[in-house]
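The file coords_21.tsv contains TSV, C-alpha atoms:
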```tsv
chain	number	residue	atom	x	y	z
J	1	MET	CA	11.05	-136.19	-2.70
J	2	PHE	CA	9.33	-133.98	-5.21
J	3	VAL	CA	7.35	-130.74	-5.24
J	4	ASP	CA	4.46	-129.98	-7.59
J	5	SER	CA	5.16	-126.29	-7.98
J	6	HIS	CA	1.97	-125.53	-9.93
J	7	CYS	CA	-1.35	-127.35	-9.72
J	8	HIS	CA	-5.03	-126.44	-9.63
J	9	LEU	CA	-6.45	-128.56	-6.82
J	10	ASP	CA	-9.79	-126.76	-6.91
J	11	ARG	CA	-10.30	-127.85	-10.53
J	12	LEU	CA	-9.75	-131.59	-10.24
J	13	SER	CA	-11.54	-133.84	-12.68
J	14	GLU	CA	-14.18	-136.24	-11.39
J	15	GLN	CA	-12.04	-138.91	-13.05
J	16	THR	CA	-9.17	-138.16	-10.64
J	17	HIS	CA	-9.81	-140.23	-7.53
J	18	GLY	CA	-13.49	-139.35	-7.83
J	19	GLY	CA	-12.62	-135.67	-7.60
J	20	ASP	CA	-11.51	-136.22	-4.00
J	21	ILE	CA	-8.70	-133.81	-3.12
J	22	ALA	CA	-7.61	-135.81	-0.07
J	23	ALA	CA	-7.33	-139.01	-2.12
J	24	THR	CA	-5.48	-137.19	-4.88
J	25	LEU	CA	-2.95	-135.75	-2.44
J	26	ALA	CA	-2.55	-139.14	-0.73
J	27	ALA	CA	-1.68	-140.72	-4.08
J	28	ALA	CA	0.89	-137.99	-4.69
J	29	ARG	CA	2.43	-138.42	-1.25
J	30	ALA	CA	2.73	-142.16	-1.94
J	31	ALA	CA	4.78	-141.17	-5.00
J	32	HIS	CA	7.05	-139.05	-2.72
J	33	VAL	CA	5.55	-135.68	-3.66
J	34	SER	CA	5.92	-133.69	-0.45
J	35	GLN	CA	4.63	-130.20	-1.26
J	36	PHE	CA	1.98	-128.65	-3.49
J	37	LEU	CA	1.46	-125.08	-4.66
J	38	ALA	CA	-2.21	-124.63	-5.53
J	39	VAL	CA	-2.34	-121.71	-7.94
J	40	ALA	CA	-5.16	-119.22	-8.20
J	41	VAL	CA	-6.84	-118.44	-11.51
J	42	THR	CA	-9.35	-115.96	-10.09
J	43	LEU	CA	-9.57	-113.90	-6.92
J	44	ASP	CA	-13.09	-115.18	-6.32
J	45	GLU	CA	-11.72	-118.71	-5.74
J	46	MET	CA	-9.33	-117.62	-2.98
J	47	PRO	CA	-11.57	-118.71	-0.07
J	48	GLN	CA	-11.83	-122.21	-1.56
J	49	LEU	CA	-8.07	-122.44	-2.09
J	50	ALA	CA	-7.42	-121.22	1.44
J	51	ALA	CA	-9.77	-123.89	2.79
J	52	ILE	CA	-7.81	-126.57	0.91
J	53	ALA	CA	-4.55	-125.27	2.37
J	54	ARG	CA	-5.99	-125.25	5.90
J	55	ALA	CA	-7.12	-128.84	5.49
J	56	HIS	CA	-3.80	-130.10	4.13
J	57	HIS	CA	-0.54	-129.14	5.81
J	58	ASP	CA	1.55	-129.59	2.65
J	59	VAL	CA	-0.52	-127.28	0.41
J	60	VAL	CA	0.29	-123.61	-0.05
J	61	ILE	CA	-1.49	-121.18	-2.36
J	62	SER	CA	-1.03	-118.14	-4.58
J	63	ALA	CA	-3.25	-115.12	-5.25
J	64	GLY	CA	-3.99	-113.78	-8.70
J	65	LEU	CA	-6.16	-113.43	-11.78
J	66	HIS	CA	-5.22	-115.39	-14.91
J	67	PRO	CA	-4.43	-113.27	-17.99
J	68	LEU	CA	-7.18	-114.97	-19.99
J	69	HIS	CA	-9.88	-114.91	-17.33
J	70	SER	CA	-12.87	-112.80	-18.27
J	71	PRO	CA	-15.34	-112.44	-15.39
J	72	ALA	CA	-18.90	-113.37	-16.26
J	73	GLU	CA	-20.07	-110.35	-14.31
J	74	LYS	CA	-18.55	-107.17	-15.65
J	75	ASP	CA	-18.94	-105.51	-12.26
J	76	SER	CA	-17.26	-108.41	-10.43
J	77	ALA	CA	-14.78	-107.38	-7.75
J	78	GLU	CA	-12.02	-109.04	-9.75
J	79	SER	CA	-12.67	-107.05	-12.94
J	80	GLU	CA	-10.19	-105.38	-12.98
J	81	PRO	CA	-8.49	-105.84	-9.60
J	82	SER	CA	-6.31	-102.99	-8.38
J	83	VAL	CA	-2.87	-103.48	-6.90
J	84	ALA	CA	-4.51	-103.07	-3.49
J	85	ASP	CA	-7.11	-105.76	-4.30
J	86	ILE	CA	-4.40	-108.25	-5.24
J	87	LYS	CA	-2.35	-107.45	-2.15
J	88	ASP	CA	-5.39	-107.70	0.11
J	89	ALA	CA	-6.28	-111.13	-1.27
J	90	ALA	CA	-2.72	-112.39	-0.84
J	91	GLU	CA	-2.49	-111.15	2.73
J	92	GLN	CA	-5.99	-112.19	3.79
J	93	PHE	CA	-5.57	-115.77	2.58
J	94	GLY	CA	-1.88	-116.32	3.30
J	95	ALA	CA	-0.58	-116.63	-0.26
J	96	VAL	CA	3.10	-117.45	-0.77
J	97	ALA	CA	3.13	-116.04	-4.33
J	98	ILE	CA	1.31	-113.71	-6.71
J	99	GLY	CA	-0.27	-115.17	-9.85
J	100	GLU	CA	-0.74	-116.78	-12.06
J	101	THR	CA	-0.47	-113.70	-14.22
J	102	GLY	CA	1.19	-112.76	-17.48
J	103	LEU	CA	0.47	-112.48	-21.19
J	104	ASP	CA	-1.11	-114.94	-23.62
J	105	TYR	CA	-1.25	-113.80	-27.23
J	106	HIS	CA	-2.38	-117.19	-28.52
J	107	TYR	CA	-5.87	-116.39	-27.25
J	108	ARG	CA	-5.61	-112.61	-27.40
J	109	ASP	CA	-9.22	-112.31	-28.60
J	110	SER	CA	-10.58	-113.56	-25.28
J	111	VAL	CA	-9.00	-110.74	-23.26
J	112	PRO	CA	-7.67	-107.68	-25.13
J	113	VAL	CA	-3.91	-107.18	-25.11
J	114	ASP	CA	-4.14	-103.81	-23.37
J	115	VAL	CA	-6.19	-105.37	-20.56
J	116	GLN	CA	-3.67	-108.22	-20.22
J	117	HIS	CA	-0.80	-105.72	-20.01
J	118	GLU	CA	-2.43	-103.63	-17.30
J	119	ARG	CA	-3.47	-106.72	-15.34
J	120	PHE	CA	0.06	-108.16	-15.54
J	121	LYS	CA	1.61	-104.85	-14.48
J	122	ARG	CA	-0.62	-104.61	-11.41
J	123	HIS	CA	0.29	-108.14	-10.35
J	124	LEU	CA	3.99	-107.38	-10.75
J	125	ILE	CA	3.67	-104.24	-8.65
J	126	ALA	CA	1.74	-106.14	-5.96
J	127	ALA	CA	4.40	-108.85	-5.92
J	128	GLN	CA	7.14	-106.24	-5.62
J	129	GLU	CA	5.40	-104.41	-2.78
J	130	LEU	CA	4.67	-107.62	-0.85
J	131	GLU	CA	8.10	-109.09	-1.68
J	132	LEU	CA	6.45	-112.26	-2.97
J	133	PRO	CA	7.56	-114.17	-6.08
J	134	VAL	CA	5.36	-113.95	-9.13
J	135	ILE	CA	4.04	-116.90	-11.17
J	136	VAL	CA	4.10	-115.95	-14.85
J	137	HIS	CA	2.04	-117.46	-17.66
J	138	THR	CA	3.55	-116.49	-21.01
J	139	ARG	CA	2.59	-117.67	-24.48
J	140	GLU	CA	3.60	-116.11	-27.81
J	141	ALA	CA	4.41	-112.83	-26.05
J	142	LYS	CA	8.16	-113.16	-25.53
J	143	GLN	CA	9.37	-109.58	-25.91
J	144	GLU	CA	6.42	-107.97	-24.13
J	145	THR	CA	6.66	-110.36	-21.18
J	146	LEU	CA	10.37	-109.73	-20.76
J	147	ALA	CA	9.91	-105.98	-21.11
J	148	LEU	CA	7.36	-105.89	-18.28
J	149	LEU	CA	9.53	-108.12	-16.10
J	150	ARG	CA	12.49	-105.81	-16.63
J	151	GLU	CA	10.42	-102.78	-15.67
J	152	TYR	CA	8.26	-104.04	-12.82
J	153	SER	CA	9.74	-107.19	-11.25
J	154	ASP	CA	12.22	-107.24	-8.38
J	155	PRO	CA	15.21	-109.51	-9.16
J	156	ARG	CA	15.82	-109.95	-5.43
J	157	VAL	CA	12.40	-111.62	-5.15
J	158	GLY	CA	12.04	-113.06	-8.66
J	159	GLY	CA	9.47	-115.57	-9.73
J	160	VAL	CA	8.89	-118.39	-12.18
J	161	LEU	CA	7.88	-118.70	-15.81
J	162	HIS	CA	5.55	-121.64	-15.37
J	163	CYS	CA	4.73	-124.41	-17.85
J	164	PHE	CA	7.44	-122.95	-20.06
J	165	THR	CA	7.09	-123.56	-23.81
J	166	GLU	CA	9.09	-120.70	-25.31
J	167	ASP	CA	12.72	-120.74	-26.51
J	168	LEU	CA	16.07	-121.09	-24.77
J	169	ALA	CA	16.98	-117.43	-25.36
J	170	MET	CA	13.89	-116.27	-23.47
J	171	ALA	CA	14.57	-118.74	-20.66
J	172	ARG	CA	18.15	-117.51	-20.28
J	173	GLU	CA	17.03	-113.87	-20.18
J	174	ALA	CA	14.39	-114.70	-17.57
J	175	VAL	CA	17.04	-116.44	-15.46
J	176	ARG	CA	19.23	-113.34	-15.78
J	177	LEU	CA	16.29	-111.33	-14.41
J	178	GLY	CA	16.10	-113.57	-11.34
J	179	PHE	CA	13.44	-116.01	-12.52
J	180	TYR	CA	13.18	-119.78	-12.47
J	181	ILE	CA	11.88	-121.88	-15.34
J	182	SER	CA	9.25	-124.53	-14.60
J	183	LEU	CA	8.79	-127.53	-16.86
J	184	SER	CA	5.56	-129.51	-17.10
J	185	GLY	CA	4.42	-132.76	-18.66
J	186	ILE	CA	4.76	-131.12	-22.07
J	187	ILE	CA	8.48	-131.99	-21.91
J	188	THR	CA	7.54	-135.66	-22.34
J	189	PHE	CA	5.54	-135.08	-25.54
J	190	ARG	CA	6.95	-136.43	-28.78
J	191	ASN	CA	7.12	-132.98	-30.41
J	192	ALA	CA	8.83	-131.29	-27.43
J	193	ALA	CA	12.47	-131.81	-28.48
J	194	PRO	CA	13.28	-128.06	-28.06
J	195	LEU	CA	12.05	-128.19	-24.45
J	196	ARG	CA	14.16	-131.26	-23.74
J	197	GLU	CA	17.16	-129.40	-25.15
J	198	LEU	CA	16.31	-126.50	-22.84
J	199	ALA	CA	16.22	-128.94	-19.90
J	200	ARG	CA	19.75	-130.00	-20.79
J	201	GLN	CA	21.08	-126.48	-21.26
J	202	LEU	CA	19.68	-124.52	-18.31
J	203	PRO	CA	21.37	-124.72	-14.90
J	204	LEU	CA	19.62	-127.31	-12.75
J	205	ASP	CA	19.50	-124.82	-9.89
J	206	ARG	CA	17.10	-122.65	-11.95
J	207	LEU	CA	14.57	-125.36	-12.79
J	208	LEU	CA	11.25	-126.25	-11.18
J	209	ILE	CA	8.85	-129.08	-12.02
J	210	GLU	CA	5.07	-128.96	-12.12
J	211	THR	CA	1.96	-130.71	-13.39
J	212	ASP	CA	-0.41	-127.79	-14.05
J	213	SER	CA	-2.97	-130.47	-13.18
J	214	PRO	CA	-5.65	-131.25	-14.17
J	215	TYR	CA	-4.15	-130.17	-17.52
J	216	LEU	CA	-1.25	-131.45	-19.66
J	217	ALA	CA	-0.80	-134.99	-18.38
J	218	PRO	CA	2.64	-136.40	-19.23
J	219	VAL	CA	3.39	-139.49	-21.27
J	220	PRO	CA	2.28	-142.27	-20.60
J	221	TYR	CA	-0.90	-140.66	-19.20
J	222	ARG	CA	-1.50	-138.24	-22.04
J	223	GLY	CA	-5.20	-137.69	-22.73
J	224	LYS	CA	-6.17	-138.28	-19.10
J	225	PRO	CA	-6.81	-135.61	-16.46
J	226	ASN	CA	-3.45	-134.78	-14.89
J	227	GLU	CA	-2.72	-135.17	-11.18
J	228	PRO	CA	0.11	-134.10	-8.84
J	229	ALA	CA	1.56	-137.62	-8.47
J	230	TRP	CA	2.63	-137.47	-12.10
J	231	VAL	CA	5.11	-134.65	-11.53
J	232	VAL	CA	7.56	-137.52	-11.04
J	233	LYS	CA	7.37	-138.19	-14.79
J	234	VAL	CA	8.60	-134.65	-15.46
J	235	ALA	CA	11.56	-135.20	-13.13
J	236	GLU	CA	12.35	-138.54	-14.77
J	237	CYS	CA	12.41	-136.93	-18.21
J	238	ILE	CA	14.77	-134.17	-17.05
J	239	ALA	CA	17.04	-136.72	-15.39
J	240	ASN	CA	17.15	-138.81	-18.54
J	241	GLU	CA	17.99	-135.80	-20.70
J	242	ARG	CA	20.76	-134.61	-18.37
J	243	GLY	CA	22.17	-138.07	-17.70
J	244	ILE	CA	21.78	-137.74	-13.93
J	245	SER	CA	19.72	-139.52	-11.30
J	246	VAL	CA	16.09	-138.76	-10.62
J	247	ASP	CA	17.08	-138.25	-6.98
J	248	GLU	CA	19.38	-135.39	-7.99
J	249	VAL	CA	16.62	-133.71	-9.98
J	250	ALA	CA	14.16	-134.22	-7.13
J	251	MET	CA	16.49	-132.80	-4.47
J	252	GLN	CA	17.60	-129.79	-6.50
J	253	THR	CA	14.15	-128.79	-7.77
J	254	THR	CA	12.78	-129.16	-4.24
J	255	ALA	CA	15.53	-126.91	-2.90
J	256	ASN	CA	14.83	-124.47	-5.73
J	257	PHE	CA	11.16	-124.36	-4.77
J	258	TYR	CA	11.86	-123.38	-1.17
J	259	GLN	CA	14.52	-120.88	-2.18
J	260	LEU	CA	12.01	-119.14	-4.46
J	261	PHE	CA	8.84	-119.52	-2.41
J	262	ARG	CA	10.44	-118.58	0.88
J	263	ALA	CA	7.10	-118.15	2.66
J	264	ALA	CA	6.46	-121.85	2.05
J	265	ALA	CA	9.73	-122.99	3.65
J	266	PRO	CA	8.44	-122.99	7.25
J	267	GLU	CA	5.66	-125.35	6.10
J	268	ALA	CA	8.08	-127.88	4.57
J	269	PRO	CA	7.78	-131.38	6.03
J	270	VAL	CA	10.42	-132.14	8.66
J	271	HIS	CA	12.00	-134.94	6.61
J	272	VAL	CA	12.32	-132.57	3.64
J	273	LYS	CA	14.03	-129.91	5.75
J	274	GLU	CA	16.41	-132.49	7.21
J	275	ALA	CA	17.29	-133.97	3.83
J	276	LEU	CA	17.90	-130.58	2.25
J	277	ALA	CA	19.99	-129.44	5.22
J	278	GLN	CA	22.12	-132.59	5.07
J	279	SER	CA	22.61	-132.13	1.33
J	280	GLY	CA	23.70	-128.52	1.78
J	281	LEU	CA	21.07	-127.39	-0.74
J	282	LEU	CA	19.00	-125.38	1.72
```
Take the structure I supplied and represent it as structure tokens, if you would.
Amino acid sequence: MFVDSHCHLDRLSEQTHGGDIAATLAAARAAHVSQFLAVAVTLDEMPQLAAIARAHHDVVISAGLHPLHSPAEKDSAESEPSVADIKDAAEQFGAVAIGETGLDYHYRDSVPVDVQHERFKRHLIAAQELELPVIVHTREAKQETLALLREYSDPRVGGVLHCFTEDLAMAREAVRLGFYISLSGIITFRNAAPLRELARQLPLDRLLIETDSPYLAPVPYRGKPNEPAWVVKVAECIANERGISVDEVAMQTTANFYQLFRAAAPEAPVHVKEALAQSGLL
């Protein structure tokens, strides 16, 4: 059993099962993917995400505004959301996490750095006040991301650095701060040797797996729109690098997911709860 800990079900490609969410999730379930976290990129999309979660028992959602999102309307309610706005959205729509949020200096021209910092800080405060884990997007902003996590995150609640592409030192410091590290299909890319080394070095009980679909499809699907079923390829790559079974990766990363996203645990399928209980992982 697997969990796709980060996907964008409201942004599916028309090439993915005709853009049909139900068919996409059915294909993933057939591949033994038992839970999906549909991650918000804007607050305006929250009603649509909540509708997807209501329609599918194994989908949970987050609430947040992506660090690179620039609202088309400057007076939009989500530009810039207050801590109260973020909390209200999370509570109204039943989010199990805050985000995705963070810092992205690779595209710093699209949203100014000072705006990214303030936006990230507000999300971290909202997560702390709601006692919900935070989903962090970080790219080329290592020191600044860690500094804000040290100041504003709650290590008792923690969060995840999703689709991680930075170095092992940053990953280890994030783990020390109470965070998990999530690996995506990028780990299967030919030029991703440092990430595969990271997968070998980090404790398995601090790893999550994700697709970030419809983006970043793993080998052998690279170049196609990604889908949740292919999170299995990420688990297979980690298992191969660590010299362990795919089942062990699947069980541990699933347990990790429910330990982090505690609000999602009551929604876990019965067979998942039973298997994790029998294994002693949850």
Neighbours of Glu118 (chain J) within 10 Å (all atoms listed in the file; same-chain residues fewer than 3 positions away dropped), as a PDB file with C-alpha atoms, keeping the file's coordinate frame?
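File written: around_33.pdb
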```pdb
ATOM      1  CA  PRO J  67      -4.430-113.270 -17.990  1.00  0.00           C
ATOM      2  CA  GLU J  80     -10.190-105.380 -12.980  1.00  0.00           C
ATOM      3  CA  SER J  82      -6.310-102.990  -8.380  1.00  0.00           C
ATOM      4  CA  GLY J 102       1.190-112.760 -17.480  1.00  0.00           C
ATOM      5  CA  VAL J 113      -3.910-107.180 -25.110  1.00  0.00           C
ATOM      6  CA  ASP J 114      -4.140-103.810 -23.370  1.00  0.00           C
ATOM      7  CA  VAL J 115      -6.190-105.370 -20.560  1.00  0.00           C
ATOM      8  CA  LYS J 121       1.610-104.850 -14.480  1.00  0.00           C
ATOM      9  CA  ARG J 122      -0.620-104.610 -11.410  1.00  0.00           C
ATOM     10  CA  HIS J 123       0.290-108.140 -10.350  1.00  0.00           C
ATOM     11  CA  LEU J 124       3.990-107.380 -10.750  1.00  0.00           C
TER      12      LEU J 124
END
```
Give me the region 188-252 of chain J side of the contact with region 15-23 of chain J, cut-off 10 Å, one line per residue showing its nearest atom pair and distance in Å at one decimal, counting all atoms listed in the file, sorted by chain and residue number, as a Markdown table.
```
| residue | atom | partner | partner_atom | distance |
| --- | --- | --- | --- | --- |
| J:Pro214 | CA | J:Thr16 | CA | 8.5 |
| J:Lys224 | CA | J:Gln15 | CA | 8.5 |
| J:Pro225 | CA | J:Thr16 | CA | 6.8 |
| J:Asn226 | CA | J:Thr16 | CA | 7.9 |
| J:Glu227 | CA | J:Thr16 | CA | 7.1 |
```
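Each of J:Leu161, J:Ala50, J:Leu148, J:Leu202 was compared to Gly94 (chain J) using all atoms listed in the file, and J:Ala50 turns out to be the nearest.
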Between CA of Glu267 (chain J) and CA of Asp58 (chain J), what is the distance in Å, rounded to a tenth?
6.8 Å
Fewer than 3 positions away in the same chain doesn't count, so skip those; otherwise give me all residues within 7 Å of region 126-135 of chain J, counting only C-alpha atoms, as a PyMOL selection string.
chain J and resi 83+86-87+96-101+122-123+153-154+157-162+260-261
Give me the residues near Asp205 (chain J) as a tab-separated table (two decimals) with C-alpha atoms, in the frame of the given file, where near means some atom within 12 Å (using all atoms listed in the file) and where sequence neighbours in that chain fewer than 6 positions away do not count.
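selection-v1.tsv was written with the following content:
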```
chain	number	residue	atom	x	y	z
J	175	VAL	CA	17.04	-116.44	-15.46
J	178	GLY	CA	16.10	-113.57	-11.34
J	179	PHE	CA	13.44	-116.01	-12.52
J	180	TYR	CA	13.18	-119.78	-12.47
J	181	ILE	CA	11.88	-121.88	-15.34
J	182	SER	CA	9.25	-124.53	-14.60
J	199	ALA	CA	16.22	-128.94	-19.90
J	248	GLU	CA	19.38	-135.39	-7.99
J	249	VAL	CA	16.62	-133.71	-9.98
J	250	ALA	CA	14.16	-134.22	-7.13
J	251	MET	CA	16.49	-132.80	-4.47
J	252	GLN	CA	17.60	-129.79	-6.50
J	253	THR	CA	14.15	-128.79	-7.77
J	254	THR	CA	12.78	-129.16	-4.24
J	255	ALA	CA	15.53	-126.91	-2.90
J	256	ASN	CA	14.83	-124.47	-5.73
J	257	PHE	CA	11.16	-124.36	-4.77
J	258	TYR	CA	11.86	-123.38	-1.17
J	259	GLN	CA	14.52	-120.88	-2.18
J	260	LEU	CA	12.01	-119.14	-4.46
J	281	LEU	CA	21.07	-127.39	-0.74
J	282	LEU	CA	19.00	-125.38	1.72
```
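Atom pair CA of Val270 (chain J) / CA of Ser62 (chain J): separated by 22.4 Å.
Distance annotation: of J:Arg156, J:Arg29, J:Arg54, J:His66, the residue with the minimal separation from Phe120 (chain J) is J:His66; atom set is only C-alpha atoms.
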My list of candidates is J:Thr42, J:Ala235, J:Val272, J:Ala174. Which is closest to Leu208 (chain J) when distances are computed with only C-alpha atoms?
J:Ala235
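Proximity ranking of J:Leu68, J:Val33, J:Ala38, J:Ile125 relative to Asp109 (chain J) places J:Leu68 first, based on all atoms listed in the file.
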Could you give me, as a PyMOL selection string, the residues within 8 Å of Ala28 (chain J), counting only C-alpha atoms and dropping anything in the same chain fewer than 2 positions from it?
chain J and resi 24-26+30-34+227-230
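The two atoms in question, CA of Asp10 (chain J) and CA of Ile238 (chain J), are spaced 27.6 Å apart.
Comparing J:Pro218, J:Lys233, J:Val3, J:Lys273 by their smallest distance to Phe36 (chain J), the closest is J:Val3 (using all atoms listed in the file).
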File output for region 262-280 of chain J (N, CA, C and O atoms) as a PDB file, in the first residue's frame:
```
ATOM      1  N   ARG J 262      -1.916  13.852  11.027  1.00  0.00           N
ATOM      2  CA  ARG J 262      -2.734  13.115  11.993  1.00  0.00           C
ATOM      3  C   ARG J 262      -4.228  13.284  11.743  1.00  0.00           C
ATOM      4  O   ARG J 262      -5.019  12.391  12.044  1.00  0.00           O
ATOM      5  N   ALA J 263      -4.620  14.430  11.185  1.00  0.00           N
ATOM      6  CA  ALA J 263      -6.039  14.641  10.905  1.00  0.00           C
ATOM      7  C   ALA J 263      -6.541  13.730   9.795  1.00  0.00           C
ATOM      8  O   ALA J 263      -7.752  13.537   9.656  1.00  0.00           O
ATOM      9  N   ALA J 264      -5.615  13.159   9.012  1.00  0.00           N
ATOM     10  CA  ALA J 264      -6.017  12.235   7.949  1.00  0.00           C
ATOM     11  C   ALA J 264      -6.164  10.811   8.456  1.00  0.00           C
ATOM     12  O   ALA J 264      -6.805   9.984   7.805  1.00  0.00           O
ATOM     13  N   ALA J 265      -5.584  10.498   9.610  1.00  0.00           N
ATOM     14  CA  ALA J 265      -5.568   9.122  10.100  1.00  0.00           C
ATOM     15  C   ALA J 265      -6.961   8.516  10.264  1.00  0.00           C
ATOM     16  O   ALA J 265      -7.167   7.344   9.894  1.00  0.00           O
ATOM     17  N   PRO J 266      -7.954   9.257  10.790  1.00  0.00           N
ATOM     18  CA  PRO J 266      -9.286   8.655  10.904  1.00  0.00           C
ATOM     19  C   PRO J 266      -9.896   8.269   9.557  1.00  0.00           C
ATOM     20  O   PRO J 266     -10.810   7.435   9.500  1.00  0.00           O
ATOM     21  N   GLU J 267      -9.412   8.889   8.479  1.00  0.00           N
ATOM     22  CA  GLU J 267      -9.944   8.607   7.143  1.00  0.00           C
ATOM     23  C   GLU J 267      -9.206   7.471   6.446  1.00  0.00           C
ATOM     24  O   GLU J 267      -9.553   7.094   5.324  1.00  0.00           O
ATOM     25  N   ALA J 268      -8.183   6.909   7.089  1.00  0.00           N
ATOM     26  CA  ALA J 268      -7.415   5.830   6.460  1.00  0.00           C
ATOM     27  C   ALA J 268      -8.307   4.621   6.213  1.00  0.00           C
ATOM     28  O   ALA J 268      -9.156   4.283   7.039  1.00  0.00           O
ATOM     29  N   PRO J 269      -8.133   3.962   5.058  1.00  0.00           N
ATOM     30  CA  PRO J 269      -8.911   2.748   4.788  1.00  0.00           C
ATOM     31  C   PRO J 269      -8.701   1.705   5.884  1.00  0.00           C
ATOM     32  O   PRO J 269      -7.618   1.611   6.476  1.00  0.00           O
ATOM     33  N   VAL J 270      -9.718   0.914   6.150  1.00  0.00           N
ATOM     34  CA  VAL J 270      -9.660  -0.070   7.234  1.00  0.00           C
ATOM     35  C   VAL J 270      -8.484  -1.023   7.055  1.00  0.00           C
ATOM     36  O   VAL J 270      -7.761  -1.326   8.014  1.00  0.00           O
ATOM     37  N   HIS J 271      -8.257  -1.493   5.818  1.00  0.00           N
ATOM     38  CA  HIS J 271      -7.171  -2.461   5.614  1.00  0.00           C
ATOM     39  C   HIS J 271      -5.809  -1.825   5.872  1.00  0.00           C
ATOM     40  O   HIS J 271      -4.875  -2.494   6.313  1.00  0.00           O
ATOM     41  N   VAL J 272      -5.709  -0.519   5.635  1.00  0.00           N
ATOM     42  CA  VAL J 272      -4.447   0.187   5.917  1.00  0.00           C
ATOM     43  C   VAL J 272      -4.244   0.276   7.425  1.00  0.00           C
ATOM     44  O   VAL J 272      -3.148  -0.006   7.937  1.00  0.00           O
ATOM     45  N   LYS J 273      -5.272   0.659   8.162  1.00  0.00           N
ATOM     46  CA  LYS J 273      -5.171   0.730   9.614  1.00  0.00           C
ATOM     47  C   LYS J 273      -4.789  -0.621  10.199  1.00  0.00           C
ATOM     48  O   LYS J 273      -3.925  -0.719  11.088  1.00  0.00           O
ATOM     49  N   GLU J 274      -5.430  -1.684   9.712  1.00  0.00           N
ATOM     50  CA  GLU J 274      -5.154  -3.018  10.244  1.00  0.00           C
ATOM     51  C   GLU J 274      -3.712  -3.440   9.959  1.00  0.00           C
ATOM     52  O   GLU J 274      -3.028  -3.968  10.834  1.00  0.00           O
ATOM     53  N   ALA J 275      -3.253  -3.182   8.720  1.00  0.00           N
ATOM     54  CA  ALA J 275      -1.905  -3.581   8.363  1.00  0.00           C
ATOM     55  C   ALA J 275      -0.868  -2.822   9.173  1.00  0.00           C
ATOM     56  O   ALA J 275       0.127  -3.392   9.651  1.00  0.00           O
ATOM     57  N   LEU J 276      -1.082  -1.519   9.352  1.00  0.00           N
ATOM     58  CA  LEU J 276      -0.132  -0.718  10.115  1.00  0.00           C
ATOM     59  C   LEU J 276      -0.148  -1.106  11.589  1.00  0.00           C
ATOM     60  O   LEU J 276       0.899  -1.141  12.246  1.00  0.00           O
ATOM     61  N   ALA J 277      -1.322  -1.418  12.114  1.00  0.00           N
ATOM     62  CA  ALA J 277      -1.411  -1.855  13.512  1.00  0.00           C
ATOM     63  C   ALA J 277      -0.685  -3.175  13.720  1.00  0.00           C
ATOM     64  O   ALA J 277       0.056  -3.355  14.693  1.00  0.00           O
ATOM     65  N   GLN J 278      -0.873  -4.103  12.789  1.00  0.00           N
ATOM     66  CA  GLN J 278      -0.215  -5.408  12.899  1.00  0.00           C
ATOM     67  C   GLN J 278       1.298  -5.287  12.784  1.00  0.00           C
ATOM     68  O   GLN J 278       2.051  -6.035  13.399  1.00  0.00           O
ATOM     69  N   SER J 279       1.751  -4.303  11.998  1.00  0.00           N
ATOM     70  CA  SER J 279       3.182  -4.118  11.801  1.00  0.00           C
ATOM     71  C   SER J 279       3.840  -3.391  12.965  1.00  0.00           C
ATOM     72  O   SER J 279       5.063  -3.395  13.107  1.00  0.00           O
ATOM     73  N   GLY J 280       3.001  -2.755  13.804  1.00  0.00           N
ATOM     74  CA  GLY J 280       3.529  -1.977  14.910  1.00  0.00           C
ATOM     75  C   GLY J 280       4.008  -0.589  14.493  1.00  0.00           C
ATOM     76  O   GLY J 280       4.583   0.133  15.301  1.00  0.00           O
TER      77      GLY J 280
END
```
